[in-house]
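One file, protein-v5.json, carrying JSON, C-alpha atoms:
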```
[["chain", "number", "residue", "atom", "x", "y", "z"],
["A", 1, "MET", "CA", -14.02, 8.60, -11.96],
["A", 2, "ASN", "CA", -13.28, 4.89, -11.87],
["A", 3, "LEU", "CA", -10.56, 3.20, -9.84],
["A", 4, "GLN", "CA", -8.13, 2.85, -12.73],
["A", 5, "GLU", "CA", -8.38, 6.56, -13.55],
["A", 6, "PHE", "CA", -7.92, 7.43, -9.88],
["A", 7, "LEU", "CA", -4.82, 5.26, -9.57],
["A", 8, "GLU", "CA", -3.29, 6.73, -12.72],
["A", 9, "LYS", "CA", -3.59, 10.22, -11.20],
["A", 10, "SER", "CA", -2.41, 9.23, -7.72],
["A", 11, "GLY", "CA", 1.31, 9.66, -8.31],
["A", 12, "GLU", "CA", 2.10, 6.47, -6.39],
["A", 13, "GLU", "CA", 4.71, 3.93, -7.51],
["A", 14, "GLU", "CA", 3.63, 1.71, -10.39],
["A", 15, "SER", "CA", 4.51, -1.41, -8.41],
["A", 16, "LEU", "CA", 2.22, -0.40, -5.53],
["A", 17, "LEU", "CA", -0.58, 0.52, -7.92],
["A", 18, "SER", "CA", -0.25, -2.93, -9.46],
["A", 19, "VAL", "CA", -0.86, -4.48, -6.04],
["A", 20, "VAL", "CA", -3.94, -2.30, -5.51],
["A", 21, "ALA", "CA", -5.33, -3.39, -8.88],
["A", 22, "THR", "CA", -4.72, -7.02, -7.93],
["A", 23, "LEU", "CA", -6.61, -6.58, -4.66],
["A", 24, "ALA", "CA", -9.49, -4.94, -6.52],
["A", 25, "LYS", "CA", -9.69, -7.93, -8.85],
["A", 26, "GLY", "CA", -9.68, -10.28, -5.87],
["A", 27, "ILE", "CA", -12.57, -8.36, -4.29],
["A", 28, "LYS", "CA", -14.62, -8.68, -7.46],
["A", 29, "LEU", "CA", -14.05, -12.44, -7.45],
["A", 30, "ILE", "CA", -14.99, -12.75, -3.77],
["A", 31, "SER", "CA", -18.12, -10.67, -4.34],
["A", 32, "HIS", "CA", -19.17, -12.97, -7.17],
["A", 33, "ASN", "CA", -18.50, -16.11, -5.12],
["A", 34, "ILE", "CA", -20.52, -14.85, -2.16],
["A", 35, "HIS", "CA", -23.63, -15.13, -4.31],
["A", 36, "ASP", "CA", -22.80, -18.60, -5.62],
["A", 37, "CYS", "CA", -20.87, -20.42, -2.90],
["A", 38, "HIS", "CA", -22.19, -22.80, -0.24],
["A", 39, "GLN", "CA", -22.68, -20.69, 2.88],
["A", 40, "GLY", "CA", -22.23, -23.20, 5.71],
["A", 41, "GLU", "CA", -19.32, -24.21, 7.88],
["A", 42, "ALA", "CA", -16.31, -25.65, 6.12],
["A", 43, "GLY", "CA", -16.12, -28.74, 8.31],
["A", 44, "ARG", "CA", -12.54, -27.99, 9.32],
["A", 45, "GLY", "CA", -13.27, -26.67, 12.79],
["A", 46, "GLU", "CA", -11.52, -23.45, 13.80],
["A", 47, "ASN", "CA", -8.84, -21.42, 12.04],
["A", 48, "VAL", "CA", -5.57, -20.47, 13.72],
["A", 49, "CYS", "CA", -7.29, -17.52, 15.45],
["A", 50, "GLY", "CA", -9.95, -19.75, 17.01],
["A", 51, "ASP", "CA", -12.84, -18.72, 14.77],
["A", 52, "THR", "CA", -15.10, -21.27, 13.10],
["A", 53, "GLN", "CA", -14.16, -21.51, 9.43],
["A", 54, "MET", "CA", -16.92, -21.06, 6.89],
["A", 55, "THR", "CA", -16.69, -22.31, 3.31],
["A", 56, "LEU", "CA", -16.45, -18.73, 2.08],
["A", 57, "ASP", "CA", -13.51, -18.01, 4.42],
["A", 58, "ILE", "CA", -11.49, -20.67, 2.65],
["A", 59, "VAL", "CA", -12.69, -19.70, -0.84],
["A", 60, "ALA", "CA", -11.86, -16.02, -0.26],
["A", 61, "ASN", "CA", -8.40, -16.89, 1.04],
["A", 62, "GLN", "CA", -7.69, -19.13, -1.96],
["A", 63, "LEU", "CA", -8.90, -16.51, -4.43],
["A", 64, "LEU", "CA", -6.66, -13.82, -2.95],
["A", 65, "GLU", "CA", -3.65, -16.14, -2.81],
["A", 66, "LYS", "CA", -4.07, -17.03, -6.48],
["A", 67, "GLU", "CA", -4.32, -13.40, -7.58],
["A", 68, "LEU", "CA", -1.42, -12.21, -5.42],
["A", 69, "LYS", "CA", 0.83, -15.03, -6.58],
["A", 70, "GLU", "CA", 0.46, -13.79, -10.14],
["A", 71, "ASN", "CA", 1.71, -10.32, -9.15],
["A", 72, "LYS", "CA", 5.52, -10.24, -9.29],
["A", 73, "TYR", "CA", 5.69, -7.38, -6.80],
["A", 74, "VAL", "CA", 4.12, -9.39, -3.96],
["A", 75, "HIS", "CA", 6.74, -11.17, -1.88],
["A", 76, "SER", "CA", 4.44, -12.74, 0.69],
["A", 77, "TYR", "CA", 1.18, -12.53, 2.55],
["A", 78, "ALA", "CA", -0.14, -13.21, 6.04],
["A", 79, "SER", "CA", -3.77, -14.16, 6.47],
["A", 80, "GLU", "CA", -6.04, -14.70, 9.43],
["A", 81, "GLU", "CA", -6.72, -18.11, 7.89],
["A", 82, "GLU", "CA", -3.06, -19.17, 7.72],
["A", 83, "GLU", "CA", -0.80, -20.04, 10.64],
["A", 84, "ILE", "CA", 2.39, -18.69, 9.09],
["A", 85, "GLU", "CA", 3.45, -16.15, 6.49],
["A", 86, "VAL", "CA", 3.23, -17.50, 2.92],
["A", 87, "GLU", "CA", 5.97, -16.59, 0.43],
["A", 88, "LEU", "CA", 4.79, -16.14, -3.15],
["A", 89, "ASN", "CA", 7.52, -14.38, -5.14],
["A", 90, "PRO", "CA", 11.07, -14.29, -3.69],
["A", 91, "GLU", "CA", 11.94, -11.11, -5.61],
["A", 92, "GLY", "CA", 8.78, -9.25, -4.63],
["A", 93, "LYS", "CA", 9.01, -6.03, -2.61],
["A", 94, "TYR", "CA", 5.69, -5.96, -0.73],
["A", 95, "CYS", "CA", 4.10, -8.09, 1.96],
["A", 96, "ILE", "CA", 0.33, -8.00, 2.40],
["A", 97, "ALA", "CA", -1.69, -8.76, 5.53],
["A", 98, "PHE", "CA", -5.38, -9.50, 5.17],
["A", 99, "ASP", "CA", -8.50, -10.88, 6.69],
["A", 100, "PRO", "CA", -10.04, -12.46, 3.59],
["A", 101, "LEU", "CA", -13.58, -12.48, 4.93],
["A", 102, "ASP", "CA", -14.25, -10.62, 8.15],
["A", 103, "GLY", "CA", -17.59, -11.27, 9.85],
["A", 104, "SER", "CA", -18.21, -14.63, 8.23],
["A", 105, "SER", "CA", -20.43, -15.66, 11.15],
["A", 106, "LEU", "CA", -22.97, -13.27, 9.61],
["A", 107, "ILE", "CA", -23.07, -15.08, 6.26],
["A", 108, "ASN", "CA", -26.08, -17.25, 7.02],
["A", 109, "THR", "CA", -28.05, -14.26, 8.31],
["A", 110, "ASN", "CA", -27.30, -12.31, 5.09],
["A", 111, "LEU", "CA", -25.78, -9.31, 6.86],
["A", 112, "ALA", "CA", -22.90, -7.34, 5.37],
["A", 113, "ILE", "CA", -19.39, -8.81, 5.61],
["A", 114, "GLY", "CA", -16.02, -7.63, 4.31],
["A", 115, "SER", "CA", -12.32, -8.01, 3.59],
["A", 116, "ILE", "CA", -9.46, -5.99, 5.13],
["A", 117, "PHE", "CA", -5.95, -5.32, 3.75],
["A", 118, "GLY", "CA", -2.67, -3.74, 4.86],
["A", 119, "VAL", "CA", 0.34, -3.42, 2.52],
["A", 120, "TYR", "CA", 3.91, -3.05, 3.76],
["A", 121, "GLU", "CA", 7.24, -2.75, 1.98],
["A", 122, "GLY", "CA", 9.61, -5.55, 2.89],
["A", 123, "LYS", "CA", 9.57, -9.30, 3.30],
["A", 124, "ASP", "CA", 8.42, -9.76, 6.88],
["A", 125, "PHE", "CA", 5.71, -8.46, 9.22],
["A", 126, "VAL", "CA", 7.33, -9.01, 12.61],
["A", 127, "GLY", "CA", 8.91, -5.77, 13.76],
["A", 128, "GLN", "CA", 6.62, -3.65, 11.59],
["A", 129, "LYS", "CA", 4.19, -1.07, 12.94],
["A", 130, "GLY", "CA", 0.90, -0.01, 11.42],
["A", 131, "ASP", "CA", 2.50, 3.36, 10.65],
["A", 132, "ASN", "CA", 4.72, 1.53, 8.14],
["A", 133, "GLN", "CA", 1.78, 0.69, 5.89],
["A", 134, "LEU", "CA", 1.97, 2.12, 2.40],
["A", 135, "PHE", "CA", -1.64, 1.31, 1.66],
["A", 136, "SER", "CA", -4.64, -0.08, 3.47],
["A", 137, "ALA", "CA", -8.14, -0.89, 2.33],
["A", 138, "TYR", "CA", -11.33, -2.74, 3.07],
["A", 139, "ALA", "CA", -14.22, -4.08, 1.03],
["A", 140, "VAL", "CA", -17.85, -4.32, 2.09],
["A", 141, "TYR", "CA", -20.07, -6.99, 0.55],
["A", 142, "GLY", "CA", -23.56, -5.64, 1.24],
["A", 143, "PRO", "CA", -26.36, -4.43, -1.01],
["A", 144, "ARG", "CA", -23.42, -2.99, -2.98],
["A", 145, "THR", "CA", -19.80, -4.06, -3.04],
["A", 146, "THR", "CA", -17.57, -1.14, -2.05],
["A", 147, "PHE", "CA", -13.80, -0.72, -1.87],
["A", 148, "ALA", "CA", -12.35, 1.91, 0.48],
["A", 149, "ILE", "CA", -8.66, 2.78, 0.08],
["A", 150, "THR", "CA", -5.94, 5.05, 1.40],
["A", 151, "PHE", "CA", -2.28, 5.66, 0.67],
["A", 152, "GLY", "CA", -2.11, 7.53, 3.98],
["A", 153, "LYS", "CA", -3.66, 10.84, 2.95],
["A", 154, "GLY", "CA", -7.41, 10.83, 2.47],
["A", 155, "VAL", "CA", -9.85, 7.95, 2.10],
["A", 156, "TYR", "CA", -11.64, 7.16, -1.15],
["A", 157, "ILE", "CA", -14.57, 4.77, -1.46],
["A", 158, "PHE", "CA", -15.47, 3.11, -4.75],
["A", 159, "SER", "CA", -18.64, 1.17, -5.57],
["A", 160, "LEU", "CA", -18.75, -1.78, -7.96],
["A", 161, "ASN", "CA", -21.19, -1.07, -10.79],
["A", 162, "THR", "CA", -23.08, -3.47, -13.05],
["A", 163, "ILE", "CA", -20.37, -3.54, -15.71],
["A", 164, "GLY", "CA", -17.64, -4.50, -13.24],
["A", 165, "ASP", "CA", -15.98, -1.10, -12.66],
["A", 166, "PHE", "CA", -15.23, 0.44, -9.29],
["A", 167, "VAL", "CA", -16.55, 4.01, -9.45],
["A", 168, "LEU", "CA", -15.70, 6.74, -6.91],
["A", 169, "THR", "CA", -18.73, 7.42, -4.71],
["A", 170, "HIS", "CA", -17.18, 8.98, -1.55],
["A", 171, "ASP", "CA", -14.41, 11.46, -2.36],
["A", 172, "ASN", "CA", -12.17, 11.96, 0.69],
["A", 173, "PRO", "CA", -14.80, 11.82, 3.47],
["A", 174, "ARG", "CA", -13.73, 13.34, 6.77],
["A", 175, "VAL", "CA", -14.54, 12.01, 10.24],
["A", 176, "ALA", "CA", -15.74, 14.68, 12.68],
["A", 177, "GLU", "CA", -14.21, 14.90, 16.16],
["A", 178, "VAL", "CA", -17.56, 14.37, 17.90],
["A", 179, "SER", "CA", -20.32, 11.89, 17.18],
["A", 180, "LYS", "CA", -23.87, 10.93, 18.07],
["A", 181, "ILE", "CA", -23.45, 7.35, 16.74],
["A", 182, "PHE", "CA", -21.99, 4.43, 18.70],
["A", 183, "SER", "CA", -21.30, 0.79, 17.82],
["A", 184, "PRO", "CA", -20.50, -1.10, 21.04],
["A", 185, "GLY", "CA", -18.73, -4.38, 20.34],
["A", 186, "ASN", "CA", -18.15, -7.05, 22.99],
["A", 187, "LEU", "CA", -21.01, -5.95, 25.23],
["A", 188, "ARG", "CA", -20.41, -9.04, 27.39],
["A", 189, "ALA", "CA", -17.47, -7.12, 28.82],
["A", 190, "VAL", "CA", -19.87, -4.91, 30.80],
["A", 191, "THR", "CA", -20.42, -7.86, 33.17],
["A", 192, "GLU", "CA", -16.81, -7.70, 34.35],
["A", 193, "ASN", "CA", -15.76, -4.14, 33.53],
["A", 194, "PRO", "CA", -17.90, -1.56, 35.35],
["A", 195, "ASN", "CA", -16.18, 1.27, 33.50],
["A", 196, "TYR", "CA", -17.32, -0.11, 30.15],
["A", 197, "LEU", "CA", -20.84, -0.39, 31.55],
["A", 198, "LYS", "CA", -20.66, 3.27, 32.62],
["A", 199, "LEU", "CA", -19.44, 4.24, 29.17],
["A", 200, "VAL", "CA", -22.24, 2.40, 27.36],
["A", 201, "ASN", "CA", -24.79, 3.90, 29.75],
["A", 202, "GLU", "CA", -23.41, 7.38, 29.08],
["A", 203, "TRP", "CA", -23.73, 6.85, 25.34],
["A", 204, "MET", "CA", -27.37, 5.90, 25.84],
["A", 205, "MET", "CA", -28.14, 8.70, 28.31],
["A", 206, "ASP", "CA", -26.53, 11.15, 25.90],
["A", 207, "ALA", "CA", -29.17, 10.05, 23.36],
["A", 208, "LYS", "CA", -26.57, 8.76, 20.93],
["A", 209, "THR", "CA", -27.83, 6.56, 18.11],
["A", 210, "LEU", "CA", -27.02, 2.85, 18.31],
["A", 211, "ARG", "CA", -25.81, 1.44, 14.99],
["A", 212, "TYR", "CA", -24.32, -2.03, 15.44],
["A", 213, "SER", "CA", -24.54, -4.92, 12.99],
["A", 214, "GLY", "CA", -22.17, -7.35, 14.69],
["A", 215, "GLY", "CA", -19.63, -6.97, 11.88],
["A", 216, "MET", "CA", -16.55, -4.78, 12.27],
["A", 217, "VAL", "CA", -16.24, -3.91, 8.58],
["A", 218, "PRO", "CA", -19.77, -2.53, 8.04],
["A", 219, "ASP", "CA", -19.77, -0.83, 11.44],
["A", 220, "VAL", "CA", -16.51, 1.03, 10.83],
["A", 221, "ASN", "CA", -17.49, 1.67, 7.21],
["A", 222, "GLN", "CA", -20.54, 3.62, 8.37],
["A", 223, "ILE", "CA", -18.23, 5.98, 10.30],
["A", 224, "PHE", "CA", -16.59, 6.99, 7.03],
["A", 225, "CYS", "CA", -19.89, 7.18, 5.14],
["A", 226, "LYS", "CA", -21.74, 9.16, 7.84],
["A", 227, "GLY", "CA", -18.76, 11.29, 8.79],
["A", 228, "SER", "CA", -18.69, 10.40, 12.49],
["A", 229, "GLY", "CA", -19.13, 7.57, 14.96],
["A", 230, "ILE", "CA", -17.27, 5.29, 17.34],
["A", 231, "PHE", "CA", -16.70, 1.53, 17.26],
["A", 232, "SER", "CA", -15.50, -0.09, 20.46],
["A", 233, "TYR", "CA", -14.13, -3.52, 21.28],
["A", 234, "PRO", "CA", -12.53, -3.80, 24.72],
["A", 235, "SER", "CA", -10.82, -6.81, 26.25],
["A", 236, "HIS", "CA", -12.45, -9.33, 28.58],
["A", 237, "THR", "CA", -11.45, -12.47, 30.48],
["A", 238, "LYS", "CA", -11.32, -14.81, 27.47],
["A", 239, "TYR", "CA", -9.23, -12.32, 25.47],
["A", 240, "PRO", "CA", -7.27, -10.26, 28.02],
["A", 241, "SER", "CA", -5.39, -8.39, 25.29],
["A", 242, "GLY", "CA", -8.51, -7.92, 23.17],
["A", 243, "LYS", "CA", -10.01, -10.18, 20.53],
["A", 244, "LEU", "CA", -9.35, -8.28, 17.29],
["A", 245, "ARG", "CA", -6.19, -9.06, 15.32],
["A", 246, "LEU", "CA", -3.68, -6.20, 15.19],
["A", 247, "LEU", "CA", -2.19, -7.06, 11.80],
["A", 248, "TYR", "CA", -5.32, -8.08, 9.91],
["A", 249, "GLU", "CA", -7.98, -5.78, 11.40],
["A", 250, "CYS", "CA", -6.86, -3.04, 13.77],
["A", 251, "ALA", "CA", -3.80, -1.65, 11.97],
["A", 252, "PRO", "CA", -5.39, -1.38, 8.49],
["A", 253, "PHE", "CA", -8.50, 0.32, 9.87],
["A", 254, "ALA", "CA", -6.40, 2.63, 12.06],
["A", 255, "PHE", "CA", -4.39, 3.71, 8.98],
["A", 256, "LEU", "CA", -7.63, 4.48, 7.15],
["A", 257, "MET", "CA", -9.23, 6.25, 10.11],
["A", 258, "GLU", "CA", -6.31, 8.56, 10.77],
["A", 259, "ALA", "CA", -6.18, 9.39, 7.06],
["A", 260, "ALA", "CA", -9.76, 10.66, 7.40],
["A", 261, "GLY", "CA", -9.09, 12.71, 10.54],
["A", 262, "GLY", "CA", -10.25, 10.13, 13.08],
["A", 263, "SER", "CA", -8.43, 8.23, 15.81],
["A", 264, "ALA", "CA", -7.69, 4.62, 16.78],
["A", 265, "LEU", "CA", -6.44, 3.67, 20.26],
["A", 266, "ASP", "CA", -6.32, 0.55, 22.37],
["A", 267, "GLU", "CA", -8.09, 0.61, 25.73],
["A", 268, "LYS", "CA", -4.91, 1.73, 27.49],
["A", 269, "GLY", "CA", -4.72, 4.80, 25.27],
["A", 270, "LYS", "CA", -1.91, 3.63, 23.00],
["A", 271, "ARG", "CA", -2.10, 4.62, 19.36],
["A", 272, "ILE", "CA", -2.79, 1.48, 17.33],
["A", 273, "LEU", "CA", -0.34, 2.50, 14.61],
["A", 274, "ASP", "CA", 2.49, 2.64, 17.18],
["A", 275, "ILE", "CA", 2.06, -0.97, 18.33],
["A", 276, "GLU", "CA", 4.84, -3.23, 17.05],
["A", 277, "VAL", "CA", 3.93, -6.55, 15.47],
["A", 278, "ILE", "CA", 5.59, -9.31, 17.50],
["A", 279, "ASP", "CA", 3.35, -12.15, 16.34],
["A", 280, "LEU", "CA", 1.28, -12.56, 13.18],
["A", 281, "HIS", "CA", -1.86, -13.28, 15.17],
["A", 282, "GLN", "CA", -1.46, -10.96, 18.15],
["A", 283, "ARG", "CA", -4.62, -9.35, 19.42],
["A", 284, "SER", "CA", -5.63, -5.90, 20.57],
["A", 285, "SER", "CA", -8.51, -3.98, 22.03],
["A", 286, "LEU", "CA", -9.80, -1.17, 19.82],
["A", 287, "PHE", "CA", -11.59, 2.16, 20.09],
["A", 288, "ILE", "CA", -11.85, 3.79, 16.67],
["A", 289, "GLY", "CA", -13.70, 6.69, 15.09],
["A", 290, "SER", "CA", -14.35, 10.32, 16.02],
["A", 291, "LYS", "CA", -11.28, 11.61, 17.84],
["A", 292, "ASN", "CA", -12.94, 13.21, 20.87],
["A", 293, "GLU", "CA", -15.23, 10.21, 21.40],
["A", 294, "VAL", "CA", -12.32, 7.78, 21.20],
["A", 295, "GLU", "CA", -10.18, 9.72, 23.67],
["A", 296, "LYS", "CA", -13.08, 10.18, 26.11],
["A", 297, "SER", "CA", -13.97, 6.49, 25.93],
["A", 298, "VAL", "CA", -10.41, 5.39, 26.67],
["A", 299, "GLU", "CA", -10.31, 7.71, 29.68],
["A", 300, "TYR", "CA", -13.44, 5.98, 30.99],
["A", 301, "LEU", "CA", -11.77, 2.58, 30.80],
["A", 302, "LYS", "CA", -8.56, 3.85, 32.40],
["A", 303, "SER", "CA", -10.34, 5.53, 35.31]]
```

Here is a file; write its structure as structure tokens.
Amino acid sequence: MNLQEFLEKSGEEESLLSVVATLAKGIKLISHNIHDCHQGEAGRGENVCGDTQMTLDIVANQLLEKELKENKYVHSYASEEEEIEVELNPEGKYCIAFDPLDGSSLINTNLAIGSIFGVYEGKDFVGQKGDNQLFSAYAVYGPRTTFAITFGKGVYIFSLNTIGDFVLTHDNPRVAEVSKIFSPGNLRAVTENPNYLKLVNEWMMDAKTLRYSGGMVPDVNQIFCKGSGIFSYPSHTKYPSGKLRLLYECAPFAFLMEAAGGSALDEKGKRILDIEVIDLHQRSSLFIGSKNEVEKSVEYLKS
């Protein structure tokens, strides 16, 4: 089954399905440009979130803006690469948050990178919670380009084939409550947080398998594909609230993870989808994946 056939059978509103189709087109364009575009730094310094901008960051953002602007249902978008919300169509009914190219620091090493999306009804993000998402998705640009989606019930992963169609390859994968796989982000935090050091040591002493690429998208993607796992990213001195962006990264992935039976909490044990957006670029810590592993890990950090 291809993506178009899946969407036609989904029963979702036509306007929302139109937005999904637009995002899928944008992902195809980004995938194509990854192979052709200059891979170095953009020469503009850092983006609003403090990350070094790569040429592909800017290209991906521009491609998505162009496609979304042509969709009459899209009122506005917020991007990690933009300081403020950008209005596109005053009469549109949806606002879309995205990280156009997550993990761009991995571009020059040719590791997998991705895009992340969250779709809300309305014309503003401030005051929203992740639970308000109608749709969330991510794309992985690796050996294959894949597109994982949810409308809140079940996750479906499509792979881009040679003729340009997204074909269903993972039909509603479920995430088990326990896991033998761990992906420990922000390991520098062990130098100042002894509880995180204890947690990482326990994962190793429990003979869990380390699977960490340095990119959030591929590392969380493997949890869906393998059916279990945990990805962690606690706070540290430089980012006392956590480094990951709530709106562009944590909330969309939390919506997907819960739809597959997993869990997503911050290091204080708060459900990511219950955190209210008070700033477009607010940050959060994140523990996401197999439910029991997530809850146990948060208890370690709280102890």

(message) I want to know what sits within 10 Å of Val20 of chain A, based on all atoms listed in the file, with residues of the same chain fewer than 3 positions away left out; could you give that as a ChimeraX atom specification?
(response) /A:3-4,7,14-17,23-26,117,119,135-137,149

Those residues you just picked out, can you put them in a file as a PDB file, in the coordinates of the input with C-alpha atoms?
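The resulting file, result-v5.pdb, is reproduced below:
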```pdb
ATOM      1  CA  LEU A   3     -10.560   3.200  -9.840  1.00  0.00           C
ATOM      2  CA  GLN A   4      -8.130   2.850 -12.730  1.00  0.00           C
ATOM      3  CA  LEU A   7      -4.820   5.260  -9.570  1.00  0.00           C
ATOM      4  CA  GLU A  14       3.630   1.710 -10.390  1.00  0.00           C
ATOM      5  CA  SER A  15       4.510  -1.410  -8.410  1.00  0.00           C
ATOM      6  CA  LEU A  16       2.220  -0.400  -5.530  1.00  0.00           C
ATOM      7  CA  LEU A  17      -0.580   0.520  -7.920  1.00  0.00           C
ATOM      8  CA  LEU A  23      -6.610  -6.580  -4.660  1.00  0.00           C
ATOM      9  CA  ALA A  24      -9.490  -4.940  -6.520  1.00  0.00           C
ATOM     10  CA  LYS A  25      -9.690  -7.930  -8.850  1.00  0.00           C
ATOM     11  CA  GLY A  26      -9.680 -10.280  -5.870  1.00  0.00           C
ATOM     12  CA  PHE A 117      -5.950  -5.320   3.750  1.00  0.00           C
ATOM     13  CA  VAL A 119       0.340  -3.420   2.520  1.00  0.00           C
ATOM     14  CA  PHE A 135      -1.640   1.310   1.660  1.00  0.00           C
ATOM     15  CA  SER A 136      -4.640  -0.080   3.470  1.00  0.00           C
ATOM     16  CA  ALA A 137      -8.140  -0.890   2.330  1.00  0.00           C
ATOM     17  CA  ILE A 149      -8.660   2.780   0.080  1.00  0.00           C
TER      18      ILE A 149
END
```

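Using all atoms listed in the file, the smallest distance between any of A:Glu258, A:Glu82, A:Glu293, A:Asp219 and Gly130 of chain A comes from A:Glu258.
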
(request) Counting all atoms listed in the file, find the residues whose atoms lie at most 7 Å from (-16.2, -10.4, 10.9) (file coordinates) and write them out as a VMD selection string. (result) chain A and resid 101 to 105 113 215 to 217

Centre and edge lengths, as lines of an AutoDock Vina configuration file, for the axis-aligned box enclosing every listed atom of segment 206-218 of chain A with 5 Å of padding on each of the six sides, in Å to one decimal?
```
center_x = -22.7
center_y = 1.9
center_z = 17.0
size_x = 22.9
size_y = 28.5
size_z = 27.9
```

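Taking atom CA of Leu301 of chain A and atom CA of Ile230 of chain A as the two end points, the separation is 14.8 Å.
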
(request) Write out as a VMD selection string which residues come within 10 Å of Leu199 of chain A when counting all atoms listed in the file, dropping same-chain ones fewer than 2 positions away. (result) chain A and resid 184 190 194 to 197 201 to 205 296 to 301

(request) State, in Å with one decimal place, the distance from atom CA of Met1 of chain A to atom CA of Ser290 of chain A. (result)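 Calculated distance between atom CA of Met1 of chain A and atom CA of Ser290 of chain A is 28.0 Å.
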
(message) I'd like the contact shell of segment 85-95 of chain A - 7 Å cut-off, all atoms listed in the file, skipping same-chain residues fewer than 6 positions apart - returned as a list of chain:residue names.
(response)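 With the cut-off at 7 Å, the set is A:Lys69, A:Lys72, A:Tyr73, A:Val74, A:His75, A:Ser76, A:Tyr77, A:Ala78, A:Val119, A:Tyr120, A:Glu121, A:Gly122, A:Lys123, A:Asp124.
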
Output C-alpha atoms for every residue in the selection just made, as a PDB file, in the coordinates of the input.
```
ATOM      1  CA  LYS A  69       0.830 -15.030  -6.580  1.00  0.00           C
ATOM      2  CA  LYS A  72       5.520 -10.240  -9.290  1.00  0.00           C
ATOM      3  CA  TYR A  73       5.690  -7.380  -6.800  1.00  0.00           C
ATOM      4  CA  VAL A  74       4.120  -9.390  -3.960  1.00  0.00           C
ATOM      5  CA  HIS A  75       6.740 -11.170  -1.880  1.00  0.00           C
ATOM      6  CA  SER A  76       4.440 -12.740   0.690  1.00  0.00           C
ATOM      7  CA  TYR A  77       1.180 -12.530   2.550  1.00  0.00           C
ATOM      8  CA  ALA A  78      -0.140 -13.210   6.040  1.00  0.00           C
ATOM      9  CA  VAL A 119       0.340  -3.420   2.520  1.00  0.00           C
ATOM     10  CA  TYR A 120       3.910  -3.050   3.760  1.00  0.00           C
ATOM     11  CA  GLU A 121       7.240  -2.750   1.980  1.00  0.00           C
ATOM     12  CA  GLY A 122       9.610  -5.550   2.890  1.00  0.00           C
ATOM     13  CA  LYS A 123       9.570  -9.300   3.300  1.00  0.00           C
ATOM     14  CA  ASP A 124       8.420  -9.760   6.880  1.00  0.00           C
TER      15      ASP A 124
END
```

Please rebuild segment 176-189 of chain A with N, CA and C atoms and give the result as a short mmCIF file (atom, residue, chain, number, x, y, z; two decimals), in the coordinates of the input.
```cif
data_model
loop_
_atom_site.label_atom_id
_atom_site.label_comp_id
_atom_site.auth_asym_id
_atom_site.auth_seq_id
_atom_site.Cartn_x
_atom_site.Cartn_y
_atom_site.Cartn_z
N ALA A 176 -15.66 13.60 11.70
CA ALA A 176 -15.74 14.68 12.68
C ALA A 176 -15.21 14.25 14.04
N GLU A 177 -14.80 15.21 14.86
CA GLU A 177 -14.21 14.90 16.16
C GLU A 177 -15.24 14.42 17.17
N VAL A 178 -16.49 14.81 16.99
CA VAL A 178 -17.56 14.37 17.90
C VAL A 178 -18.59 13.57 17.13
N SER A 179 -19.36 12.77 17.86
CA SER A 179 -20.32 11.89 17.18
C SER A 179 -21.53 11.62 18.04
N LYS A 180 -22.64 11.36 17.38
CA LYS A 180 -23.87 10.93 18.07
C LYS A 180 -24.17 9.47 17.75
N ILE A 181 -23.24 8.75 17.12
CA ILE A 181 -23.45 7.35 16.74
C ILE A 181 -22.45 6.47 17.49
N PHE A 182 -22.92 5.35 18.04
CA PHE A 182 -21.99 4.43 18.70
C PHE A 182 -22.30 2.99 18.30
N SER A 183 -21.22 2.21 18.19
CA SER A 183 -21.30 0.79 17.82
C SER A 183 -20.52 0.01 18.87
N PRO A 184 -21.19 -0.48 19.91
CA PRO A 184 -20.50 -1.10 21.04
C PRO A 184 -20.27 -2.60 20.86
N GLY A 185 -19.07 -2.97 20.45
CA GLY A 185 -18.73 -4.38 20.34
C GLY A 185 -18.42 -4.98 21.70
N ASN A 186 -18.48 -6.30 21.78
CA ASN A 186 -18.15 -7.05 22.99
C ASN A 186 -18.91 -6.53 24.21
N LEU A 187 -20.21 -6.44 24.10
CA LEU A 187 -21.01 -5.95 25.23
C LEU A 187 -20.94 -6.88 26.44
N ARG A 188 -20.54 -8.14 26.24
CA ARG A 188 -20.41 -9.04 27.39
C ARG A 188 -19.39 -8.52 28.39
N ALA A 189 -18.50 -7.65 27.93
CA ALA A 189 -17.47 -7.12 28.82
C ALA A 189 -18.05 -6.23 29.92
#
```
